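structure33.cif follows (mmCIF, C-alpha atoms):
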data_query
#
loop_
_atom_site.label_atom_id
_atom_site.label_comp_id
_atom_site.auth_asym_id
_atom_site.auth_seq_id
_atom_site.Cartn_x
_atom_site.Cartn_y
_atom_site.Cartn_z
CA ASP A 269 -10.97 16.41 -9.68
CA SER A 270 -11.07 15.62 -13.41
CA ALA A 271 -7.28 15.79 -13.87
CA LYS A 272 -6.68 13.34 -11.04
CA TYR A 273 -9.39 11.03 -12.39
CA ALA A 274 -7.81 11.12 -15.86
CA ASN A 275 -4.40 10.37 -14.39
CA ASN A 276 -5.81 7.32 -12.59
CA TYR A 277 -7.62 6.18 -15.73
CA ASP A 278 -4.48 6.42 -17.90
CA TYR A 279 -2.27 4.77 -15.30
CA ASN A 280 -4.60 1.88 -14.48
CA LYS A 281 -5.24 1.23 -18.16
CA ALA A 282 -1.48 1.01 -18.79
CA VAL A 283 -1.00 -1.28 -15.78
CA PHE A 284 -3.86 -3.58 -16.76
CA LEU A 285 -2.70 -3.80 -20.38
CA MET A 286 0.88 -4.52 -19.31
CA SER A 287 -0.46 -7.25 -17.04
CA GLU A 288 -2.51 -8.63 -19.95
CA PHE A 289 -5.81 -8.40 -18.06
CA ASP A 290 -9.04 -8.66 -20.03
CA LEU A 291 -10.76 -5.27 -19.96
CA LEU A 292 -13.87 -3.49 -21.11
CA ASP A 293 -13.07 0.16 -21.83
CA ASN A 294 -15.42 2.94 -22.91
CA GLY A 295 -12.77 5.66 -22.90
CA PHE A 296 -13.89 6.93 -19.51
CA MET A 297 -14.06 3.89 -17.22
CA LEU A 298 -12.37 0.50 -17.14
CA LEU A 299 -14.36 -2.65 -16.33
CA ARG A 300 -12.45 -5.68 -15.08
CA GLU A 301 -13.81 -9.00 -13.85
CA SER A 302 -12.69 -9.51 -10.25
CA ASP A 303 -14.07 -10.85 -6.97
CA SER A 304 -12.40 -8.13 -4.88
CA PHE A 305 -14.68 -5.64 -3.12
CA GLY A 306 -12.46 -2.63 -3.75
CA SER A 307 -11.47 -1.26 -7.14
CA PRO A 308 -9.07 1.49 -8.24
CA VAL A 309 -10.26 4.96 -9.19
CA ALA A 310 -11.60 4.94 -12.78
CA CYS A 311 -12.09 1.17 -12.66
CA LEU A 312 -15.13 -0.93 -11.79
CA HIS A 313 -14.75 -4.56 -10.75
CA TYR A 314 -17.58 -6.94 -11.57
CA SER A 315 -18.33 -10.65 -11.08
CA TYR A 316 -21.11 -13.09 -11.95
CA TYR A 317 -23.63 -14.99 -9.84
CA ASP A 318 -26.60 -17.14 -10.78
CA ASP A 319 -29.18 -15.84 -8.32
CA LEU A 320 -29.62 -14.00 -5.02
CA THR A 321 -29.10 -17.20 -3.03
CA SER A 322 -25.70 -17.85 -4.60
CA LEU A 323 -24.67 -14.22 -3.99
CA GLN A 324 -25.67 -14.46 -0.33
CA LYS A 325 -23.58 -17.62 -0.04
CA ILE A 326 -20.56 -15.81 -1.48
CA LEU A 327 -20.97 -12.88 0.93
CA LYS A 328 -21.94 -14.91 4.00
CA ASP A 329 -18.50 -15.29 5.55
CA ARG A 330 -17.15 -11.89 4.51
CA SER A 331 -17.16 -8.94 6.87
CA ILE A 332 -16.46 -5.39 5.76
CA PHE A 333 -15.70 -2.58 8.22
CA ILE A 334 -15.45 0.91 6.77
CA CYS A 335 -13.26 3.43 8.56
CA ASP A 336 -12.08 6.94 7.71
CA PHE A 337 -8.67 7.14 9.39
CA GLU A 338 -8.86 10.91 9.51
CA ASP A 339 -11.79 10.60 11.91
CA GLU A 340 -10.82 9.60 15.46
CA ASP A 341 -14.39 8.60 16.32
CA GLN A 342 -14.53 6.21 13.38
CA ILE A 343 -11.26 4.61 14.46
CA GLN A 344 -12.70 4.03 17.93
CA LYS A 345 -15.87 2.63 16.34
CA LEU A 346 -13.75 0.25 14.27
CA GLY A 347 -12.29 -1.14 17.47
CA THR A 348 -15.76 -1.60 18.96
CA ASP A 349 -17.14 -3.23 15.81
CA LEU A 350 -14.20 -5.65 15.62
CA LYS A 351 -14.60 -6.57 19.28
CA ASN A 352 -18.28 -7.32 18.77
CA LYS A 353 -17.57 -9.35 15.65
CA LEU A 354 -14.81 -11.40 17.29
CA ASP A 355 -16.94 -12.08 20.37
CA GLY A 356 -13.99 -13.07 22.55
CA GLU A 357 -11.81 -14.57 19.82
CA LYS A 358 -8.34 -13.14 19.28
CA LEU A 359 -6.66 -11.63 16.23
CA ASN A 360 -3.49 -13.42 15.14
CA GLY A 361 -2.38 -10.67 12.83
CA ILE A 362 -3.08 -7.28 11.24
CA LEU A 363 -1.93 -5.98 7.85
CA HIS A 364 -1.83 -2.18 7.73
CA SER A 365 -1.78 -0.99 4.12
CA ILE A 366 -3.11 2.57 4.17
CA ALA A 367 -1.66 5.58 2.38
CA PHE A 368 -2.89 8.86 0.95
CA ALA A 369 -1.36 12.11 -0.30
CA ASN A 370 -3.11 15.03 -1.93
CA TYR A 371 -1.50 15.53 -5.34
CA SER A 372 -4.49 17.35 -6.82
CA GLU A 373 -2.31 20.37 -7.65
CA GLY A 374 0.44 18.22 -9.13
CA LEU A 375 3.87 17.63 -7.68
CA GLN A 376 5.51 20.62 -6.03
CA SER A 377 9.02 21.20 -4.74
CA PHE A 378 9.28 19.74 -1.24
CA HIS A 379 9.74 23.15 0.41
CA LYS A 380 6.40 24.23 -1.06
CA THR A 381 4.48 21.43 0.65
CA LYS A 382 1.32 22.73 2.31
CA ARG A 383 0.98 22.09 6.03
CA LYS A 384 -2.57 20.73 5.76
CA ASP A 385 -1.54 18.27 3.03
CA PHE A 386 1.50 17.04 4.96
CA LEU A 387 -0.46 16.60 8.21
CA GLN A 388 -3.32 14.86 6.43
CA ALA A 389 -0.95 12.42 4.72
CA THR A 390 0.90 11.81 7.98
CA GLN A 391 -2.33 11.02 9.84
CA ILE A 392 -3.62 8.61 7.20
CA SER A 393 -0.36 7.03 6.05
CA SER A 394 1.67 6.84 9.25
CA PHE A 395 -0.07 7.66 12.52
CA SER A 396 -3.02 5.47 11.54
CA LEU A 397 -0.80 2.48 12.37
CA VAL A 398 -0.38 3.72 15.94
CA GLU A 399 -4.12 4.32 16.37
CA LEU A 400 -5.05 1.01 14.75
CA ALA A 401 -2.64 -0.87 17.01
CA ASN A 402 -4.04 0.91 20.05
CA VAL A 403 -7.73 0.10 19.40
CA CYS A 404 -6.91 -3.50 18.44
CA LYS A 405 -4.54 -4.20 21.35
CA PRO A 406 -7.16 -5.82 23.62
CA MET A 407 -8.12 -8.18 20.78
CA LEU A 408 -4.61 -9.25 19.76
CA ASP A 409 -3.29 -12.68 20.62
CA ASP A 410 -0.21 -12.47 22.85
CA HIS A 411 1.93 -13.69 19.94
CA ALA A 412 0.19 -11.74 17.17
CA SER A 413 2.01 -10.03 14.33
CA VAL A 414 1.32 -6.57 12.88
CA VAL A 415 2.74 -5.75 9.45
CA THR A 416 2.68 -2.49 7.52
CA ILE A 417 3.77 -1.59 3.98
CA GLY A 418 6.64 0.85 3.58
CA ILE A 419 9.00 1.78 0.74
CA SER A 420 12.35 0.24 -0.14
CA SER A 421 14.37 3.34 0.75
CA THR A 422 13.53 6.48 2.69
CA PHE A 423 16.98 7.88 1.87
CA VAL A 424 16.47 8.23 -1.88
CA THR A 425 15.04 11.63 -2.81
CA ALA A 426 12.54 10.47 -5.43
CA GLU A 427 11.02 13.68 -6.77
CA ASN A 428 7.94 11.97 -8.16
CA TYR A 429 7.03 10.71 -4.68
CA GLY A 430 6.57 14.22 -3.38
CA TYR A 431 6.44 14.58 0.38
CA MET A 432 5.48 10.95 1.04
CA ALA A 433 9.02 9.63 1.58
CA PRO A 434 9.51 11.51 4.91
CA ILE A 435 6.08 10.27 5.99
CA LYS A 436 6.99 6.69 5.12
CA ALA A 437 10.17 7.22 7.16
CA SER A 438 8.01 8.13 10.16
CA LEU A 439 5.93 5.00 9.53
CA GLU A 440 9.03 2.83 9.65
CA ALA A 441 10.20 4.53 12.85
CA SER A 442 6.76 3.96 14.38
CA VAL A 443 7.16 0.23 13.73
CA ARG A 444 10.19 0.13 16.04
CA TYR A 445 8.56 2.21 18.75
CA LEU A 446 5.39 0.11 18.68
CA ALA A 447 7.45 -3.07 18.92
CA LYS A 448 9.15 -1.68 22.02
CA SER A 449 5.93 -0.32 23.53
CA PHE A 450 3.96 -3.57 23.13
CA SER A 451 6.89 -5.63 24.48
CA ARG A 452 6.13 -4.40 28.01
CA ASP A 453 3.14 -6.70 28.37
CA SER A 454 3.00 -8.95 25.28
CA GLN A 455 5.01 -10.63 22.54
CA VAL A 456 3.16 -8.91 19.72
CA ARG A 457 5.54 -8.16 16.87
CA PHE A 458 5.63 -5.18 14.48
CA ASN A 459 7.44 -5.21 11.15
CA SER A 460 7.40 -3.36 7.85
CA VAL A 461 7.53 -4.71 4.30
CA ASN A 462 9.65 -2.10 2.50
CA ALA A 463 8.73 -2.65 -1.11
CA GLY A 464 10.21 -1.27 -4.29
CA PRO A 465 7.96 0.31 -6.96
CA LEU A 466 4.78 -1.69 -7.66
CA LYS A 467 1.85 -1.60 -10.06
CA THR A 468 -0.93 -0.74 -7.61
CA SER A 469 -4.07 1.38 -7.52
CA ALA A 470 -2.46 3.58 -4.86
CA SER A 471 0.52 4.44 -7.06
CA ALA A 472 -1.90 5.45 -9.81
CA GLY A 473 -2.52 8.71 -7.97
CA ILE A 474 1.14 9.74 -8.18
CA PRO A 475 1.78 12.00 -11.19
CA GLY A 476 4.40 10.58 -13.56
CA TYR A 477 4.70 7.33 -11.62
CA LEU A 478 4.58 4.97 -14.60
CA VAL A 479 7.81 6.29 -16.16
CA ASN A 480 9.64 5.95 -12.86
CA TYR A 481 8.21 2.45 -12.40
CA LEU A 482 9.59 1.39 -15.79
CA TYR A 483 12.96 2.96 -14.96
CA ALA A 484 13.08 1.12 -11.61
CA GLU A 485 12.39 -2.13 -13.46
CA LYS A 486 15.59 -1.63 -15.48
CA LEU A 487 17.54 -1.28 -12.22
CA THR A 488 16.53 -4.67 -10.84
CA PHE A 489 19.10 -7.43 -11.20
CA ARG A 490 16.63 -9.60 -13.11
CA LYS A 491 15.28 -6.75 -15.31
CA GLU A 492 11.80 -7.60 -14.13
CA ALA A 493 9.76 -5.45 -11.76
CA LEU A 494 8.69 -6.56 -8.34
CA SER A 495 5.25 -8.15 -8.29
CA THR A 496 2.49 -7.60 -5.77
CA LYS A 497 2.46 -11.38 -5.22
CA GLU A 498 6.08 -11.28 -4.05
CA VAL A 499 5.27 -8.49 -1.62
CA SER A 500 2.21 -10.33 -0.31
CA ASN A 501 4.34 -13.47 0.16
CA LEU A 502 6.74 -11.52 2.37
CA ALA A 503 3.85 -9.97 4.32
CA SER A 504 2.35 -13.44 4.82
CA PHE A 505 5.67 -14.70 6.14
CA LEU A 506 5.98 -11.81 8.61
CA LEU A 507 2.41 -12.40 9.77
CA SER A 508 3.11 -16.10 10.37
CA PRO A 509 4.77 -17.79 13.38
CA SER A 510 7.67 -18.71 11.06
CA SER A 511 8.99 -15.15 11.52
CA SER A 512 8.72 -15.21 15.32
CA GLY A 513 12.28 -13.92 15.76
CA ILE A 514 11.79 -10.85 13.57
CA ASN A 515 10.53 -7.74 15.37
CA GLY A 516 10.86 -4.01 14.82
CA GLN A 517 12.36 -4.51 11.38
CA GLY A 518 11.92 -3.01 7.95
CA ILE A 519 12.50 -5.81 5.44
CA VAL A 520 13.49 -4.52 1.99
CA ILE A 521 12.07 -6.32 -1.04
CA ASP A 522 13.06 -4.66 -4.33
CA ALA A 523 14.54 -7.39 -6.60
CA GLY A 524 17.99 -5.89 -6.05
CA MET A 525 17.13 -2.41 -7.32
CA GLY A 526 18.72 -0.65 -4.36
CA PHE A 527 22.14 -2.17 -5.12
CA ASN A 528 22.12 -1.62 -8.88
CA TYR A 529 22.17 2.12 -9.53
CA PHE A 530 25.25 1.78 -11.77
CA ASP A 531 23.88 -0.97 -13.98
CA GLN A 532 25.95 -0.88 -17.18
CA ASP A 533 22.97 -0.89 -19.57
CA VAL A 534 21.23 1.92 -17.66
CA VAL A 535 24.40 4.04 -17.44
CA GLU A 536 25.16 3.64 -21.14
CA SER A 537 21.58 4.49 -22.06
CA ALA A 538 21.61 7.60 -19.88
CA MET A 539 24.96 8.84 -21.23
CA LYS A 540 24.27 8.11 -24.91
CA ILE A 541 24.92 11.22 -27.00
CA ASN A 542 22.53 11.85 -29.85
CA GLU A 543 24.34 12.33 -33.11
#
Output the file's structure in the form of structure tokens.
Amino acid sequence: DSAKYANNYDYNKAVFLMSEFDLLDNGFMLLRESDSFGSPVACLHYSYYDDLTSLQKILKDRSIFICDFEDEDQIQKLGTDLKNKLDGEKLNGILHSIAFANYSEGLQSFHKTKRKDFLQATQISSFSLVELANVCKPMLDDHASVVTIGISSTFVTAENYGYMAPIKASLEASVRYLAKSFSRDSQVRFNSVNAGPLKTSASAGIPGYLVNYLYAEKLTFRKEALSTKEVSNLASFLLSPSSSGINGQGIVIDAGMGFNYFDQDVVESAMKINE
């Protein structure tokens, strides 16, 4: 879809420039030096190595498992592949960070949401946590922690988020039910990091997201948007034994945005009358 590709290109370029990343740009694709395996749509990550031996050394201890979470067979295969890789070892934690919504036709009024789009997004973005937890259960340490990524508020009717907010609400509810379900025979914990707006490759697929992101930044107490590092710090804490008493929770991290809707500067700017 050329329109969706262009939207990702424009968004990621704006994000990278705002973050002051060094880029190569040919007007169609962005090239950024990075060691990460994945890259956003319209962006290609690259890195350097001296020879094949040095590349093999870099890749030696890295394992990649590819899974389409719409495909039940692939989810089962993921469980089998992980079991074979672990060879009796246990997982101490899982970070679930999966989301998808089909915005190829642009944002529509919520009541116009297509059934197939809603069900697809629910499967990938919410129910995938249940299926992932199920196939990984035999491999989880008795005190393991499972963390997913939600949104800071499922009560705010953000029009630019389309039908994803109700799906994220179901994800947060699933966290509580999984925590209860696993408690019958283990001490595995489930929690959600409920983050405010972020500059991510996933948000690049949301039409009009950048404007809303900049508006949300003005609503934070510190007038500075939430960073992905801050979110990852919270996720790391919830995955660690230091958070052993936290279970079935959705922890909001939004730099105060959710308490600052009537910020004086924002209100005055919104109500300013053009002369």
Picked residues, the PyMOL selection byres ((chain A and resi 444-446) around 8), as a list in words: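 Answer for the PyMOL selection byres ((chain A and resi 444-446) around 8): Val398, Glu440, Ala441, Ser442, Val443, Ala447, Lys448, Ser449, Phe450, Phe458, Asn459, Asn515, Gly516 and Gln517 of chain A.
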Exercise: Gly476 (chain A) partners within 12 Å, all atoms listed in the file, chain neighbours under 6 positions left out, as a list in words: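 Close residues of Gly476 (chain A): Lys272, Asn275, Asn276, Asp278, Tyr279, Tyr371, Gly374, Leu375, Ala426, Glu427, Asn428, Tyr429, Gly430, Leu482 and Tyr483 of chain A.
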Protein and nucleic acid residues near (3.9, 13.4, 3.8) (cut-off 6 Å, all atoms listed in the file) as a list in words: Phe386, Ala389, Thr390, Tyr431, Met432 and Ile435 of chain A
Keeping only C-alpha atoms, write the selected residues to a file as a tab-separated table (two decimals), keeping the file's coordinate frame.
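What ended up in out-v4.tsv:
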chain	number	residue	atom	x	y	z
A	386	PHE	CA	1.50	17.04	4.96
A	389	ALA	CA	-0.95	12.42	4.72
A	390	THR	CA	0.90	11.81	7.98
A	431	TYR	CA	6.44	14.58	0.38
A	432	MET	CA	5.48	10.95	1.04
A	435	ILE	CA	6.08	10.27	5.99
Atom pair CA of Asn462 (chain A) / CA of Phe289 (chain A): separation (Å):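 Atom-to-atom, CA of Asn462 (chain A) to CA of Phe289 (chain A), that is 26.5 Å.
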Test item: the PyMOL selection byres ((chain A and resi 302) around 6) resolved as a PyMOL selection string: chain A and resi 301+303-304+313-315
Given the PyMOL selection byres ((chain A and resi 491) around 12), the residues it picks as a ChimeraX atom specification: /A:481-490,492-494,522-525,528,531,533-534
Given the selection you just returned, output its residues as a file containing C-alpha atoms, formatted as a PDB file, in the frame of the given file.
ATOM      1  CA  TYR A 481       8.210   2.450 -12.400  1.00  0.00           C
ATOM      2  CA  LEU A 482       9.590   1.390 -15.790  1.00  0.00           C
ATOM      3  CA  TYR A 483      12.960   2.960 -14.960  1.00  0.00           C
ATOM      4  CA  ALA A 484      13.080   1.120 -11.610  1.00  0.00           C
ATOM      5  CA  GLU A 485      12.390  -2.130 -13.460  1.00  0.00           C
ATOM      6  CA  LYS A 486      15.590  -1.630 -15.480  1.00  0.00           C
ATOM      7  CA  LEU A 487      17.540  -1.280 -12.220  1.00  0.00           C
ATOM      8  CA  THR A 488      16.530  -4.670 -10.840  1.00  0.00           C
ATOM      9  CA  PHE A 489      19.100  -7.430 -11.200  1.00  0.00           C
ATOM     10  CA  ARG A 490      16.630  -9.600 -13.110  1.00  0.00           C
ATOM     11  CA  GLU A 492      11.800  -7.600 -14.130  1.00  0.00           C
ATOM     12  CA  ALA A 493       9.760  -5.450 -11.760  1.00  0.00           C
ATOM     13  CA  LEU A 494       8.690  -6.560  -8.340  1.00  0.00           C
ATOM     14  CA  ASP A 522      13.060  -4.660  -4.330  1.00  0.00           C
ATOM     15  CA  ALA A 523      14.540  -7.390  -6.600  1.00  0.00           C
ATOM     16  CA  GLY A 524      17.990  -5.890  -6.050  1.00  0.00           C
ATOM     17  CA  MET A 525      17.130  -2.410  -7.320  1.00  0.00           C
ATOM     18  CA  ASN A 528      22.120  -1.620  -8.880  1.00  0.00           C
ATOM     19  CA  ASP A 531      23.880  -0.970 -13.980  1.00  0.00           C
ATOM     20  CA  ASP A 533      22.970  -0.890 -19.570  1.00  0.00           C
ATOM     21  CA  VAL A 534      21.230   1.920 -17.660  1.00  0.00           C
TER      22      VAL A 534
END
Neighbour list for Leu387 (chain A) as a ChimeraX atom specification, cut-off 12 Å, only C-alpha atoms, skip fewer than 4 positions in-chain: /A:338,368-370,381-383,391-396,431-432,434-435
Emit the selected residues as a compact mmCIF listing (two decimals), keeping the file's coordinate frame, including C-alpha atoms.
# COMPACT_ATOMS: atom_id res chain seq x y z
CA GLU A 338 -8.86 10.91 9.51
CA PHE A 368 -2.89 8.86 0.95
CA ALA A 369 -1.36 12.11 -0.30
CA ASN A 370 -3.11 15.03 -1.93
CA THR A 381 4.48 21.43 0.65
CA LYS A 382 1.32 22.73 2.31
CA ARG A 383 0.98 22.09 6.03
CA GLN A 391 -2.33 11.02 9.84
CA ILE A 392 -3.62 8.61 7.20
CA SER A 393 -0.36 7.03 6.05
CA SER A 394 1.67 6.84 9.25
CA PHE A 395 -0.07 7.66 12.52
CA SER A 396 -3.02 5.47 11.54
CA TYR A 431 6.44 14.58 0.38
CA MET A 432 5.48 10.95 1.04
CA PRO A 434 9.51 11.51 4.91
CA ILE A 435 6.08 10.27 5.99
Separation of CA of Pro465 (chain A) from CA of Thr496 (chain A) in Å: 9.7 Å
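Take the candidates A:Ile417, A:Leu408, A:Leu478, A:Val499 and check each one against Glu357 (chain A) using only C-alpha atoms; the shortest distance goes to A:Leu408.
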Length of the CA of Leu320 (chain A) to CA of Asp293 (chain A) vector [Å]: 27.5 Å
Pick from A:Met539, A:Ala412, A:Leu312, A:Ala433 nearest to Ser511 (chain A), counting only C-alpha atoms: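 Among the listed residues, the smallest separation from Ser511 (chain A) belongs to A:Ala412.
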Nearest-residue call for Leu359 (chain A), choices A:Ile419, A:Met407, A:Leu292, A:Ile519, using only C-alpha atoms: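 Checking each of A:Ile419, A:Met407, A:Leu292, A:Ile519 against Leu359 (chain A), counting only C-alpha atoms, the winner is A:Met407.
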Distance criterion (only C-alpha atoms): nearest to His364 (chain A) out of A:Leu397, A:Leu323, A:Val403, A:Ile514: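 When distances to His364 (chain A) are compared using only C-alpha atoms, the smallest one comes from A:Leu397.
Nearest residue to Pro509 (chain A) among A:Ala310, A:Leu439, A:Leu363, A:Val456 is A:Val456, counting only C-alpha atoms.
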Top pick for closest residue to Lys351 (chain A), considering A:Pro406, A:Arg330, A:Asp319, A:Ser413 and counting only C-alpha atoms: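 Closest to Lys351 (chain A) of all the choices is A:Pro406.
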